[in-house]
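As stored in model-v8.txt (compact mmCIF, C-alpha atoms):
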```txt
# COMPACT_ATOMS: atom_id res chain seq x y z
CA MET A 1 12.53 -60.56 32.28
CA ALA A 2 13.23 -64.27 32.05
CA ALA A 3 14.48 -63.79 28.52
CA ASP A 4 16.72 -60.93 29.69
CA SER A 5 18.15 -63.14 32.44
CA ALA A 6 18.81 -65.91 29.95
CA ASN A 7 20.55 -63.46 27.61
CA VAL A 8 22.72 -62.15 30.46
CA ALA A 9 23.69 -65.74 31.35
CA ALA A 10 24.47 -66.45 27.70
CA ARG A 11 26.67 -63.35 27.41
CA ARG A 12 28.59 -64.12 30.62
CA PRO A 13 32.22 -64.93 29.73
CA TRP A 14 33.59 -68.32 30.74
CA TRP A 15 35.94 -66.72 33.26
CA ARG A 16 33.01 -65.13 35.14
CA PRO A 17 30.81 -68.09 36.11
CA SER A 18 27.58 -67.73 38.08
CA LEU A 19 27.71 -67.62 41.87
CA THR A 20 26.33 -71.17 42.07
CA THR A 21 29.15 -72.41 39.84
CA GLN A 22 31.69 -70.47 41.89
CA ILE A 23 30.39 -72.09 45.09
CA VAL A 24 30.66 -75.56 43.55
CA ILE A 25 34.22 -74.77 42.39
CA GLY A 26 35.04 -73.56 45.91
CA LEU A 27 33.61 -76.79 47.31
CA LEU A 28 35.76 -78.96 45.00
CA VAL A 29 38.89 -76.90 45.64
CA GLY A 30 38.29 -77.16 49.39
CA ILE A 31 37.87 -80.95 49.24
CA LEU A 32 41.06 -81.34 47.20
CA GLY A 33 42.99 -78.95 49.42
CA GLY A 34 41.76 -80.64 52.57
CA TYR A 35 42.74 -84.06 51.27
CA VAL A 36 46.24 -82.83 50.39
CA VAL A 37 46.67 -81.19 53.79
CA ASN A 38 45.43 -84.26 55.66
CA ALA A 39 47.67 -86.59 53.69
CA GLY A 40 50.66 -84.25 53.70
CA TYR A 41 50.84 -83.64 57.43
CA GLY A 42 50.04 -87.23 58.38
CA ALA A 43 50.26 -87.73 62.15
CA ASP A 44 51.60 -84.22 62.82
CA GLU A 45 48.32 -82.94 64.22
CA LYS A 46 49.67 -79.65 65.59
CA ALA A 47 51.23 -78.63 62.27
CA ARG A 48 48.04 -79.58 60.44
CA GLU A 49 45.89 -77.50 62.79
CA ALA A 50 48.28 -74.55 62.42
CA PHE A 51 47.96 -74.69 58.63
CA LEU A 52 44.18 -75.14 58.70
CA ALA A 53 43.84 -72.04 60.87
CA TRP A 54 44.17 -69.95 57.69
CA PRO A 55 41.37 -71.52 55.63
CA GLY A 56 39.45 -71.59 58.91
CA LEU A 57 39.92 -67.83 59.08
CA LEU A 58 38.33 -67.43 55.63
CA ARG A 59 35.39 -69.56 56.77
CA ASP A 60 34.92 -67.63 60.01
CA ILE A 61 35.15 -64.19 58.38
CA PHE A 62 32.49 -65.16 55.86
CA LEU A 63 30.19 -66.60 58.54
CA HIS A 64 30.70 -63.53 60.74
CA LEU A 65 29.70 -61.28 57.83
CA ILE A 66 26.59 -63.39 57.33
CA ARG A 67 25.65 -63.42 61.00
CA MET A 68 26.04 -59.66 61.38
CA MET A 69 23.28 -59.09 58.81
CA VAL A 70 20.79 -61.69 60.08
CA ALA A 71 19.37 -59.63 62.96
CA PRO A 72 18.71 -56.38 61.03
CA LEU A 73 17.40 -58.31 58.02
CA VAL A 74 14.92 -60.39 60.03
CA PHE A 75 13.80 -57.34 62.04
CA ALA A 76 13.36 -55.08 59.01
CA SER A 77 11.61 -57.75 56.90
CA LEU A 78 9.11 -58.68 59.59
CA VAL A 79 8.25 -55.10 60.59
CA ALA A 80 7.92 -53.92 57.00
CA GLY A 81 5.88 -56.98 56.01
CA ILE A 82 3.51 -57.18 58.98
CA ALA A 83 2.99 -53.48 59.72
CA GLY A 84 2.14 -52.95 56.07
CA HIS A 85 -1.01 -55.05 56.51
CA GLU A 86 -3.99 -53.67 58.33
CA ASP A 87 -5.42 -57.11 59.13
CA MET A 88 -3.61 -58.28 62.28
CA LYS A 89 -5.65 -61.49 62.29
CA LYS A 90 -3.62 -62.50 59.27
CA VAL A 91 -0.47 -62.73 61.38
CA GLY A 92 -2.07 -65.28 63.71
CA ARG A 93 -3.52 -67.20 60.78
CA ILE A 94 -0.14 -67.46 59.04
CA GLY A 95 1.48 -68.55 62.30
CA LEU A 96 -1.09 -71.30 62.86
CA LYS A 97 -0.84 -72.57 59.29
CA SER A 98 2.95 -72.57 59.52
CA LEU A 99 2.95 -74.64 62.73
CA ILE A 100 0.50 -77.16 61.22
CA TYR A 101 2.65 -77.51 58.11
CA PHE A 102 5.86 -77.81 60.13
CA GLU A 103 4.47 -80.58 62.32
CA VAL A 104 3.09 -82.60 59.40
CA VAL A 105 6.36 -82.45 57.45
CA SER A 106 8.41 -83.21 60.59
CA MET A 107 6.33 -86.33 61.21
CA LEU A 108 6.91 -87.41 57.61
CA ALA A 109 10.66 -86.84 58.03
CA LEU A 110 10.68 -89.07 61.12
CA ALA A 111 8.63 -91.70 59.28
CA VAL A 112 10.97 -91.75 56.26
CA GLY A 113 14.02 -92.00 58.50
CA LEU A 114 12.47 -94.76 60.63
CA LEU A 115 11.39 -96.77 57.59
CA LEU A 116 14.72 -96.62 55.77
CA VAL A 117 16.93 -97.20 58.81
CA ASN A 118 14.98 -100.40 59.49
CA LEU A 119 15.18 -101.51 55.86
CA ILE A 120 18.87 -100.74 55.37
CA GLN A 121 19.95 -101.50 58.98
CA PRO A 122 23.26 -99.60 58.84
CA GLY A 123 23.96 -100.38 62.51
CA ALA A 124 23.67 -104.16 62.23
CA GLY A 125 26.97 -105.80 63.11
CA VAL A 126 28.71 -102.49 63.91
CA THR A 127 30.92 -102.59 67.01
CA LEU A 128 30.37 -99.53 69.17
CA SER A 129 33.53 -97.61 69.98
CA GLY A 130 34.36 -94.02 70.69
CA ASP A 131 35.74 -91.66 73.27
CA VAL A 132 32.76 -90.61 75.39
CA SER A 133 34.86 -87.83 76.94
CA LYS A 134 34.53 -85.95 73.64
CA LEU A 135 30.84 -85.57 74.42
CA SER A 136 31.34 -83.95 77.81
CA THR A 137 30.96 -80.37 76.59
CA ILE A 138 28.06 -81.17 74.28
CA ALA A 139 26.28 -83.25 76.92
CA GLN A 140 26.20 -80.26 79.28
CA ALA A 141 23.76 -78.54 76.94
CA LYS A 142 20.21 -79.78 77.21
CA PRO A 143 17.32 -79.46 74.78
CA HIS A 144 14.47 -77.38 76.14
CA ASN A 145 11.26 -78.97 77.34
CA VAL A 146 7.91 -77.63 76.07
CA VAL A 147 7.60 -74.94 78.77
CA GLU A 148 11.20 -73.79 78.30
CA THR A 149 10.76 -73.72 74.53
CA ILE A 150 7.73 -71.41 74.77
CA LEU A 151 9.45 -69.16 77.32
CA HIS A 152 12.60 -69.03 75.20
CA ILE A 153 10.66 -67.46 72.33
CA PHE A 154 10.26 -64.20 74.26
CA PRO A 155 13.56 -62.39 74.96
CA THR A 156 14.23 -60.35 78.08
CA SER A 157 16.42 -58.08 75.96
CA VAL A 158 16.14 -57.68 72.21
CA PHE A 159 19.73 -56.39 72.14
CA GLN A 160 20.95 -59.61 73.75
CA ALA A 161 18.91 -61.65 71.26
CA MET A 162 20.45 -59.71 68.37
CA ALA A 163 23.96 -60.03 69.82
CA GLU A 164 23.51 -63.81 70.16
CA GLY A 165 21.86 -64.12 66.75
CA ASP A 166 18.78 -65.86 68.17
CA VAL A 167 16.51 -65.74 65.12
CA LEU A 168 13.40 -66.94 66.96
CA GLN A 169 13.65 -64.29 69.69
CA ILE A 170 14.36 -61.57 67.13
CA ALA A 171 11.30 -62.69 65.18
CA ALA A 172 9.09 -62.63 68.32
CA PHE A 173 10.16 -59.08 69.17
CA SER A 174 9.75 -57.97 65.56
CA VAL A 175 6.18 -59.31 65.34
CA VAL A 176 5.09 -57.48 68.51
CA PHE A 177 6.95 -54.34 67.39
CA ALA A 178 5.26 -54.48 63.97
CA ILE A 179 1.82 -54.80 65.58
CA ALA A 180 2.63 -51.79 67.78
CA CYS A 181 3.70 -49.78 64.72
CA SER A 182 0.43 -50.65 63.01
CA LEU A 183 -1.61 -49.64 66.06
CA ALA A 184 0.32 -46.35 66.33
CA GLY A 185 -1.14 -45.17 63.03
CA GLU A 186 0.57 -42.11 61.55
CA ALA A 187 3.24 -42.09 64.25
CA GLY A 188 4.36 -45.57 63.22
CA LYS A 189 4.55 -44.95 59.47
CA PRO A 190 8.04 -43.32 59.48
CA ILE A 191 9.41 -46.34 61.37
CA VAL A 192 7.83 -48.73 58.90
CA ALA A 193 9.24 -46.72 55.99
CA TRP A 194 12.68 -46.82 57.66
CA CYS A 195 12.41 -50.61 58.03
CA GLU A 196 11.49 -50.93 54.35
CA ALA A 197 14.59 -48.93 53.42
CA LEU A 198 16.74 -50.95 55.85
CA ARG A 199 15.49 -54.20 54.31
CA GLU A 200 16.50 -53.08 50.83
CA VAL A 201 19.92 -51.96 52.09
CA MET A 202 20.45 -55.33 53.80
CA PHE A 203 19.65 -57.12 50.53
CA LYS A 204 22.41 -55.08 48.87
CA PHE A 205 24.65 -55.84 51.85
CA ALA A 206 23.96 -59.55 51.32
CA GLY A 207 24.92 -59.19 47.65
CA VAL A 208 28.27 -57.71 48.62
CA VAL A 209 28.96 -60.44 51.19
CA MET A 210 28.02 -63.22 48.77
CA VAL A 211 30.90 -62.20 46.51
CA PHE A 212 33.13 -63.81 49.14
CA ALA A 213 30.99 -66.97 49.42
CA PRO A 214 33.29 -69.19 47.25
CA LEU A 215 36.27 -68.36 49.51
CA GLY A 216 34.24 -69.05 52.64
CA VAL A 217 32.98 -72.33 51.21
CA ALA A 218 36.48 -73.44 50.18
CA GLY A 219 37.82 -72.62 53.64
CA ALA A 220 34.97 -74.40 55.43
CA ILE A 221 35.23 -77.67 53.53
CA MET A 222 39.05 -77.62 53.57
CA VAL A 223 39.02 -77.46 57.37
CA THR A 224 36.50 -80.32 57.58
CA VAL A 225 38.32 -82.65 55.18
CA GLY A 226 41.77 -81.54 56.31
CA SER A 227 41.11 -82.29 59.99
CA GLN A 228 38.84 -85.34 59.61
CA GLY A 229 40.21 -86.83 56.40
CA LEU A 230 38.17 -88.73 53.84
CA GLY A 231 39.19 -91.98 55.54
CA VAL A 232 36.88 -91.26 58.46
CA LEU A 233 33.97 -91.91 56.10
CA LEU A 234 35.00 -95.54 55.56
CA GLY A 235 34.23 -96.82 59.07
CA LEU A 236 30.76 -95.32 59.16
CA GLY A 237 30.26 -95.11 55.42
CA LYS A 238 27.05 -97.14 55.51
CA LEU A 239 25.43 -94.73 57.96
CA VAL A 240 26.55 -91.66 55.99
CA LEU A 241 25.40 -93.12 52.67
CA SER A 242 22.12 -94.25 54.26
CA LEU A 243 21.45 -90.72 55.51
CA TYR A 244 22.21 -89.17 52.12
CA PHE A 245 19.96 -91.75 50.45
CA ALA A 246 17.16 -91.13 52.97
CA LEU A 247 17.39 -87.36 52.49
CA ALA A 248 17.26 -87.83 48.72
CA VAL A 249 14.16 -90.01 49.10
CA PHE A 250 12.60 -87.42 51.41
CA ILE A 251 13.24 -84.61 48.93
CA ILE A 252 11.88 -86.57 45.97
CA VAL A 253 8.87 -88.14 47.67
CA VAL A 254 7.77 -85.72 50.40
CA PHE A 255 8.92 -82.40 48.97
CA GLY A 256 7.91 -83.63 45.53
CA ALA A 257 4.39 -84.36 46.78
CA VAL A 258 4.19 -80.97 48.49
CA ILE A 259 5.35 -79.21 45.31
CA TRP A 260 2.73 -81.10 43.29
CA LEU A 261 -0.11 -80.46 45.77
CA ALA A 262 0.75 -76.78 46.20
CA LYS A 263 1.30 -76.38 42.45
CA VAL A 264 4.75 -74.89 42.91
CA PRO A 265 6.53 -74.36 39.56
CA LEU A 266 9.30 -76.94 39.87
CA ARG A 267 12.12 -75.72 37.63
CA PRO A 268 11.87 -72.08 38.74
CA PHE A 269 11.88 -73.28 42.36
CA ILE A 270 15.02 -75.32 41.71
CA ARG A 271 16.69 -72.29 40.14
CA ALA A 272 15.66 -70.12 43.09
CA THR A 273 17.03 -72.50 45.72
CA ARG A 274 20.01 -74.30 44.18
CA GLU A 275 22.49 -71.59 45.23
CA LEU A 276 21.07 -71.59 48.77
CA PHE A 277 21.23 -75.40 48.90
CA ALA A 278 24.86 -75.45 47.75
CA LEU A 279 25.87 -72.72 50.21
CA ALA A 280 24.19 -74.43 53.17
CA PHE A 281 25.74 -77.77 52.18
CA ALA A 282 29.26 -76.42 51.86
CA THR A 283 29.23 -74.37 55.07
CA ALA A 284 26.95 -76.67 57.14
CA ASN A 285 25.42 -73.44 58.40
CA SER A 286 21.79 -72.53 57.72
CA GLU A 287 22.35 -68.86 58.62
CA ALA A 288 24.71 -68.56 55.65
CA ALA A 289 21.76 -69.11 53.32
CA LEU A 290 19.19 -67.02 55.24
CA PRO A 291 19.79 -63.62 53.56
CA GLY A 292 19.68 -65.23 50.12
CA ALA A 293 16.53 -67.13 51.09
CA PHE A 294 14.79 -63.87 52.00
CA ARG A 295 15.78 -62.29 48.70
CA ASN A 296 15.08 -65.26 46.43
CA MET A 297 11.73 -66.21 47.95
CA GLU A 298 10.47 -62.65 47.53
CA ARG A 299 11.70 -62.73 43.93
CA PHE A 300 9.94 -66.08 43.59
CA GLY A 301 6.59 -64.44 44.30
CA VAL A 302 6.15 -64.97 48.05
CA PRO A 303 4.97 -61.75 49.79
CA GLU A 304 7.57 -60.16 52.03
CA GLY A 305 5.33 -60.47 55.09
CA ILE A 306 5.06 -64.25 54.68
CA VAL A 307 8.76 -64.66 53.88
CA GLY A 308 9.74 -62.59 56.91
CA PHE A 309 7.47 -64.59 59.20
CA VAL A 310 7.82 -68.17 57.95
CA LEU A 311 11.59 -68.35 57.38
CA PRO A 312 12.69 -67.24 60.89
CA MET A 313 10.00 -69.43 62.45
CA GLY A 314 11.12 -72.39 60.37
CA TYR A 315 14.70 -72.07 61.56
CA SER A 316 13.57 -73.36 64.96
CA PHE A 317 10.46 -75.40 64.16
CA ASN A 318 11.00 -76.82 60.66
CA LEU A 319 14.30 -78.73 60.73
CA ASP A 320 13.33 -81.49 58.30
CA GLY A 321 16.86 -82.69 57.58
CA SER A 322 17.88 -82.66 61.24
CA THR A 323 14.71 -84.49 62.27
CA LEU A 324 15.30 -87.25 59.71
CA TYR A 325 18.94 -87.51 60.81
CA LEU A 326 17.92 -87.92 64.45
CA SER A 327 15.56 -90.77 63.67
CA MET A 328 18.25 -92.62 61.69
CA ALA A 329 21.13 -91.94 64.10
CA SER A 330 19.22 -93.02 67.21
CA VAL A 331 18.00 -96.29 65.65
CA PHE A 332 21.47 -96.88 64.15
CA ILE A 333 22.93 -96.83 67.67
CA ALA A 334 20.16 -99.11 68.93
CA GLN A 335 20.96 -101.58 66.14
CA ALA A 336 24.68 -101.48 66.93
CA ALA A 337 24.02 -101.91 70.66
CA GLU A 338 21.96 -105.03 69.95
CA THR A 339 25.15 -106.80 68.78
CA VAL A 340 26.55 -106.51 72.31
CA THR A 341 23.46 -106.54 74.54
CA HIS A 342 21.40 -108.96 72.38
CA GLN A 343 18.35 -106.89 73.34
CA HIS A 344 16.18 -106.00 70.37
CA PHE A 345 14.95 -102.41 70.21
CA GLY A 346 11.50 -103.08 68.82
CA LEU A 347 9.24 -101.03 66.60
CA GLY A 348 7.09 -99.97 69.55
CA GLN A 349 10.11 -98.57 71.37
CA GLN A 350 11.24 -96.86 68.18
CA ILE A 351 7.87 -95.16 67.76
CA VAL A 352 8.00 -93.91 71.37
CA MET A 353 11.49 -92.58 70.67
CA MET A 354 10.23 -90.82 67.52
CA LEU A 355 7.46 -89.13 69.53
CA THR A 356 10.08 -88.01 72.03
CA LEU A 357 12.18 -86.59 69.21
CA MET A 358 9.13 -84.72 67.90
CA LEU A 359 9.10 -82.76 71.17
CA THR A 360 12.80 -82.41 71.97
CA SER A 361 13.83 -81.41 68.44
CA LYS A 362 11.61 -78.33 68.75
CA GLY A 363 13.46 -77.06 71.80
CA VAL A 364 16.94 -76.63 70.42
CA ALA A 365 17.01 -72.95 69.53
CA ALA A 366 20.37 -71.26 70.15
CA VAL A 367 22.01 -74.52 71.33
CA PRO A 368 25.35 -75.30 69.62
CA ARG A 369 25.49 -78.62 67.70
CA VAL A 370 21.75 -78.92 68.24
CA SER A 371 21.29 -82.31 66.59
CA MET A 372 24.04 -83.93 68.66
CA VAL A 373 22.59 -82.40 71.85
CA VAL A 374 19.16 -83.89 71.12
CA LEU A 375 20.70 -87.24 70.14
CA ILE A 376 22.64 -87.50 73.42
CA ALA A 377 19.54 -86.60 75.46
CA THR A 378 17.51 -89.24 73.59
CA LEU A 379 20.15 -91.94 74.12
CA GLN A 380 20.22 -91.19 77.82
CA SER A 381 16.41 -91.35 78.05
CA PHE A 382 16.27 -94.79 76.42
CA GLN A 383 19.40 -96.23 78.13
CA LEU A 384 21.31 -96.53 74.86
CA PRO A 385 25.15 -96.34 74.92
CA LEU A 386 26.71 -92.90 74.49
CA GLU A 387 29.64 -94.57 72.74
CA GLY A 388 27.41 -94.59 69.66
CA ALA A 389 27.15 -90.78 69.72
CA ALA A 390 30.92 -90.52 70.25
CA MET A 391 31.49 -92.74 67.23
CA ILE A 392 29.06 -90.74 65.06
CA LEU A 393 30.78 -87.52 66.13
CA GLY A 394 33.68 -88.44 63.84
CA VAL A 395 31.51 -88.17 60.73
CA ASP A 396 28.96 -85.69 62.06
CA ALA A 397 30.43 -82.84 60.01
CA PHE A 398 29.74 -84.71 56.76
CA MET A 399 26.19 -85.54 57.82
CA ASP A 400 25.63 -82.00 59.09
CA MET A 401 26.26 -80.66 55.60
CA ALA A 402 23.45 -82.79 54.16
CA ARG A 403 20.87 -82.20 56.87
CA THR A 404 21.50 -78.44 56.95
CA SER A 405 20.96 -78.06 53.20
CA VAL A 406 17.67 -79.98 53.46
CA ASN A 407 16.63 -77.74 56.37
CA VAL A 408 17.15 -74.66 54.19
CA LEU A 409 15.33 -76.21 51.23
CA GLY A 410 12.42 -77.18 53.48
CA ASN A 411 12.04 -73.67 54.87
CA CYS A 412 12.07 -72.11 51.41
CA LEU A 413 9.37 -74.55 50.30
CA ALA A 414 7.36 -73.83 53.45
CA SER A 415 7.21 -70.11 52.63
CA VAL A 416 5.86 -70.89 49.15
CA VAL A 417 3.28 -73.35 50.54
CA ILE A 418 1.98 -70.84 53.11
CA ALA A 419 1.80 -68.14 50.43
CA ARG A 420 -0.19 -70.49 48.18
CA TRP A 421 -2.39 -71.47 51.15
CA GLU A 422 -3.10 -67.76 51.75
CA GLY A 423 -3.84 -67.26 48.05
CA GLU A 424 -1.01 -64.74 47.72
CA PHE A 425 1.62 -66.63 45.74
CA ASP A 426 2.54 -64.70 42.57
CA GLU A 427 3.32 -67.46 40.10
CA LYS A 428 3.76 -65.00 37.24
CA LYS A 429 6.55 -63.28 39.16
CA ALA A 430 8.25 -66.62 39.83
CA LEU A 431 8.18 -67.51 36.14
CA ALA A 432 9.38 -64.03 35.13
CA GLU A 433 12.29 -64.03 37.60
CA PHE A 434 13.44 -67.66 37.30
CA GLY A 435 12.18 -68.78 33.92
CA ALA A 436 9.23 -70.87 32.80
CA SER A 437 8.73 -74.46 33.86
```

Any chance you could put this one into structure tokens?
Amino acid sequence: MAADSANVAARRPWWRPSLTTQIVIGLLVGILGGYVVNAGYGADEKAREAFLAWPGLLRDIFLHLIRMMVAPLVFASLVAGIAGHEDMKKVGRIGLKSLIYFEVVSMLALAVGLLLVNLIQPGAGVTLSGDVSKLSTIAQAKPHNVVETILHIFPTSVFQAMAEGDVLQIAAFSVVFAIACSLAGEAGKPIVAWCEALREVMFKFAGVVMVFAPLGVAGAIMVTVGSQGLGVLLGLGKLVLSLYFALAVFIIVVFGAVIWLAKVPLRPFIRATRELFALAFATANSEAALPGAFRNMERFGVPEGIVGFVLPMGYSFNLDGSTLYLSMASVFIAQAAETVTHQHFGLGQQIVMMLTLMLTSKGVAAVPRVSMVVLIATLQSFQLPLEGAAMILGVDAFMDMARTSVNVLGNCLASVVIARWEGEFDEKKALAEFGAS
């Protein structure tokens, strides 16, 4: 099969590039178009916004198409995967292993961010400035505490959860529903069979939607660059570059170690996730990559029950990129504030702040601009100036692209690790579908 895939790629004409190539082309076209729009309209903000409404429409249509399939795909995958197993203890075991893995990797993300932000010190000598009023809407949202996070998992209405696209609540309902189908015996089998058929249909649905991914990507990045401009990167360039460097180190060192320990075939894994990584990066939206992640991880040899359980769970509890960003952004602001206050934010205080972030970053399900919400709450808790968050807000879109793509990559890797931990990873299938290492 790998040879057949290679032959198909070799026979593909130059004017029909792969979807990954199309997404990269869309990204470059969007950057160029955004730069031209930003430079062309200059200070005429209203005219610029009117023009960018059209590429914004392409972005929003694509994201709406993605979001409409998330709920049925998660529901069908979980029910078909879990109800197909007779051992219900396995569900609890996979859940426990997933939480352990998520917490360990999250701690490593915080540690990498804390280490590099102290070595590079991107906030040293930076003068804090920014319109705090821009944070008023975001600051109204609060990250959940531990009790609220647990309660939030269980929806009062599954239809409301599906309408709001709350992946964690949909997953919780689906798990309980799958267990009920299993306990129902023969009466539950037609429902399970229907879910299996629905899952396959949703994969085809995802294939149709992904044809429009390059247009959605071009529209998304054009709006970002067109409204913000590349010049906004200059003022906070050191922070942005530091984050990208830290995420690269995290991928190479931490994910690399995990791949080596779990014996994940590296090159096939890269081929399985590169399209998802590029899509998440360009759209700064992890949901955009979720349908593809379901499909590719199953093709990679991860059982559908593990994929359907780990991926939705990871979208709320395994935000590696966002966690690393929070550690760097919070210490960056503390470093910048030291220039004015002359009060050093020591390592002990930083560690306490990291422990706080470990808790608050887990309670951000269904909260818009989740990372900024947690950052504001953390700054308020440690009496750090909100002007720092207002200043970061100007380049947050560029940093969001990086952290979102790492979140998606981390969740894909988590599904493979749990499958290997359960002894159910089909390496032969991964090599057949995505080529040998």

At most 12 Å is the cut-off: for each residue in stretch 208-257 of chain A with any atom that close to an atom of stretch 108-112 of chain A, write down the nearest atom pair and the distance in Å rounded to one decimal, counting all atoms listed in the file, chain first then increasing number, as a Markdown table.
```
| residue | atom | partner | partner_atom | distance |
| --- | --- | --- | --- | --- |
| A:Ser242 | CA | A:Val112 | CA | 11.6 |
| A:Leu243 | CA | A:Val112 | CA | 10.6 |
| A:Phe245 | CA | A:Val112 | CA | 10.7 |
| A:Ala246 | CA | A:Val112 | CA | 7.0 |
| A:Leu247 | CA | A:Val112 | CA | 8.6 |
| A:Ala248 | CA | A:Val112 | CA | 10.6 |
| A:Val249 | CA | A:Val112 | CA | 8.0 |
| A:Phe250 | CA | A:Val112 | CA | 6.7 |
| A:Ile251 | CA | A:Ala109 | CA | 9.7 |
| A:Ile252 | CA | A:Val112 | CA | 11.6 |
| A:Val253 | CA | A:Val112 | CA | 9.6 |
| A:Val254 | CA | A:Leu108 | CA | 7.5 |
| A:Phe255 | CA | A:Leu108 | CA | 10.2 |
| A:Ala257 | CA | A:Leu108 | CA | 11.5 |
```

Can you write out the residues you just picked, keeping C-alpha atoms, as a CSV table (one decimal), keeping the file's coordinate frame?
```csv
chain,number,residue,atom,x,y,z
A,242,SER,CA,22.1,-94.2,54.3
A,243,LEU,CA,21.4,-90.7,55.5
A,245,PHE,CA,20.0,-91.8,50.4
A,246,ALA,CA,17.2,-91.1,53.0
A,247,LEU,CA,17.4,-87.4,52.5
A,248,ALA,CA,17.3,-87.8,48.7
A,249,VAL,CA,14.2,-90.0,49.1
A,250,PHE,CA,12.6,-87.4,51.4
A,251,ILE,CA,13.2,-84.6,48.9
A,252,ILE,CA,11.9,-86.6,46.0
A,253,VAL,CA,8.9,-88.1,47.7
A,254,VAL,CA,7.8,-85.7,50.4
A,255,PHE,CA,8.9,-82.4,49.0
A,257,ALA,CA,4.4,-84.4,46.8
```

Quick one: residues within 12 Å of A:Asn285, only C-alpha atoms, excluding same-chain residues fewer than 4 positions away - as an mmCIF file with C-alpha atoms, in the frame of the given file?
```cif
data_model
loop_
_atom_site.group_PDB
_atom_site.id
_atom_site.type_symbol
_atom_site.label_atom_id
_atom_site.label_comp_id
_atom_site.auth_asym_id
_atom_site.auth_seq_id
_atom_site.Cartn_x
_atom_site.Cartn_y
_atom_site.Cartn_z
ATOM 1 C CA ARG A 59 35.390 -69.560 56.770
ATOM 2 C CA ASP A 60 34.920 -67.630 60.010
ATOM 3 C CA PHE A 62 32.490 -65.160 55.860
ATOM 4 C CA LEU A 63 30.190 -66.600 58.540
ATOM 5 C CA HIS A 64 30.700 -63.530 60.740
ATOM 6 C CA ILE A 66 26.590 -63.390 57.330
ATOM 7 C CA ARG A 67 25.650 -63.420 61.000
ATOM 8 C CA GLY A 216 34.240 -69.050 52.640
ATOM 9 C CA VAL A 217 32.980 -72.330 51.210
ATOM 10 C CA ALA A 220 34.970 -74.400 55.430
ATOM 11 C CA ILE A 221 35.230 -77.670 53.530
ATOM 12 C CA LEU A 276 21.070 -71.590 48.770
ATOM 13 C CA PHE A 277 21.230 -75.400 48.900
ATOM 14 C CA ALA A 278 24.860 -75.450 47.750
ATOM 15 C CA LEU A 279 25.870 -72.720 50.210
ATOM 16 C CA ALA A 280 24.190 -74.430 53.170
ATOM 17 C CA PHE A 281 25.740 -77.770 52.180
ATOM 18 C CA ALA A 289 21.760 -69.110 53.320
ATOM 19 C CA LEU A 290 19.190 -67.020 55.240
ATOM 20 C CA TYR A 315 14.700 -72.070 61.560
ATOM 21 C CA PRO A 368 25.350 -75.300 69.620
ATOM 22 C CA ARG A 369 25.490 -78.620 67.700
ATOM 23 C CA VAL A 370 21.750 -78.920 68.240
ATOM 24 C CA ALA A 397 30.430 -82.840 60.010
ATOM 25 C CA ASP A 400 25.630 -82.000 59.090
ATOM 26 C CA MET A 401 26.260 -80.660 55.600
ATOM 27 C CA ALA A 402 23.450 -82.790 54.160
ATOM 28 C CA ARG A 403 20.870 -82.200 56.870
ATOM 29 C CA THR A 404 21.500 -78.440 56.950
ATOM 30 C CA SER A 405 20.960 -78.060 53.200
ATOM 31 C CA VAL A 406 17.670 -79.980 53.460
ATOM 32 C CA ASN A 407 16.630 -77.740 56.370
ATOM 33 C CA VAL A 408 17.150 -74.660 54.190
#
```

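Picture a line from atom CA of A:Ser106 to atom CA of A:Thr323; it runs 6.6 Å.
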
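Compared by their closest atoms to A:Leu375, and using all atoms listed in the file, the residues A:Ala197, A:Ala334, A:Leu357, A:Leu19 rank with A:Leu357 nearest.
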
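For the residues A:Ala213, A:Tyr244, A:Gly305, A:Glu338, ranking by smallest atom-to-atom distance to A:Ser18 using all atoms listed in the file places A:Ala213 first.
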
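With all atoms listed in the file as the atoms that count, the minimum distance from A:Ala47 to the choices A:Ser174, A:Gln160, A:Ser227, A:Asn411 is reached by A:Ser227.
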
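Residues surrounding stretch 73-76 of chain A within 7 Å are Met69, Ala80, Ile170, Ala171, Ser174, Cys195, Glu196, Leu198, Arg199, Met202 and Gly308 of chain A [all atoms listed in the file; sequence separation below 4 positions excluded].
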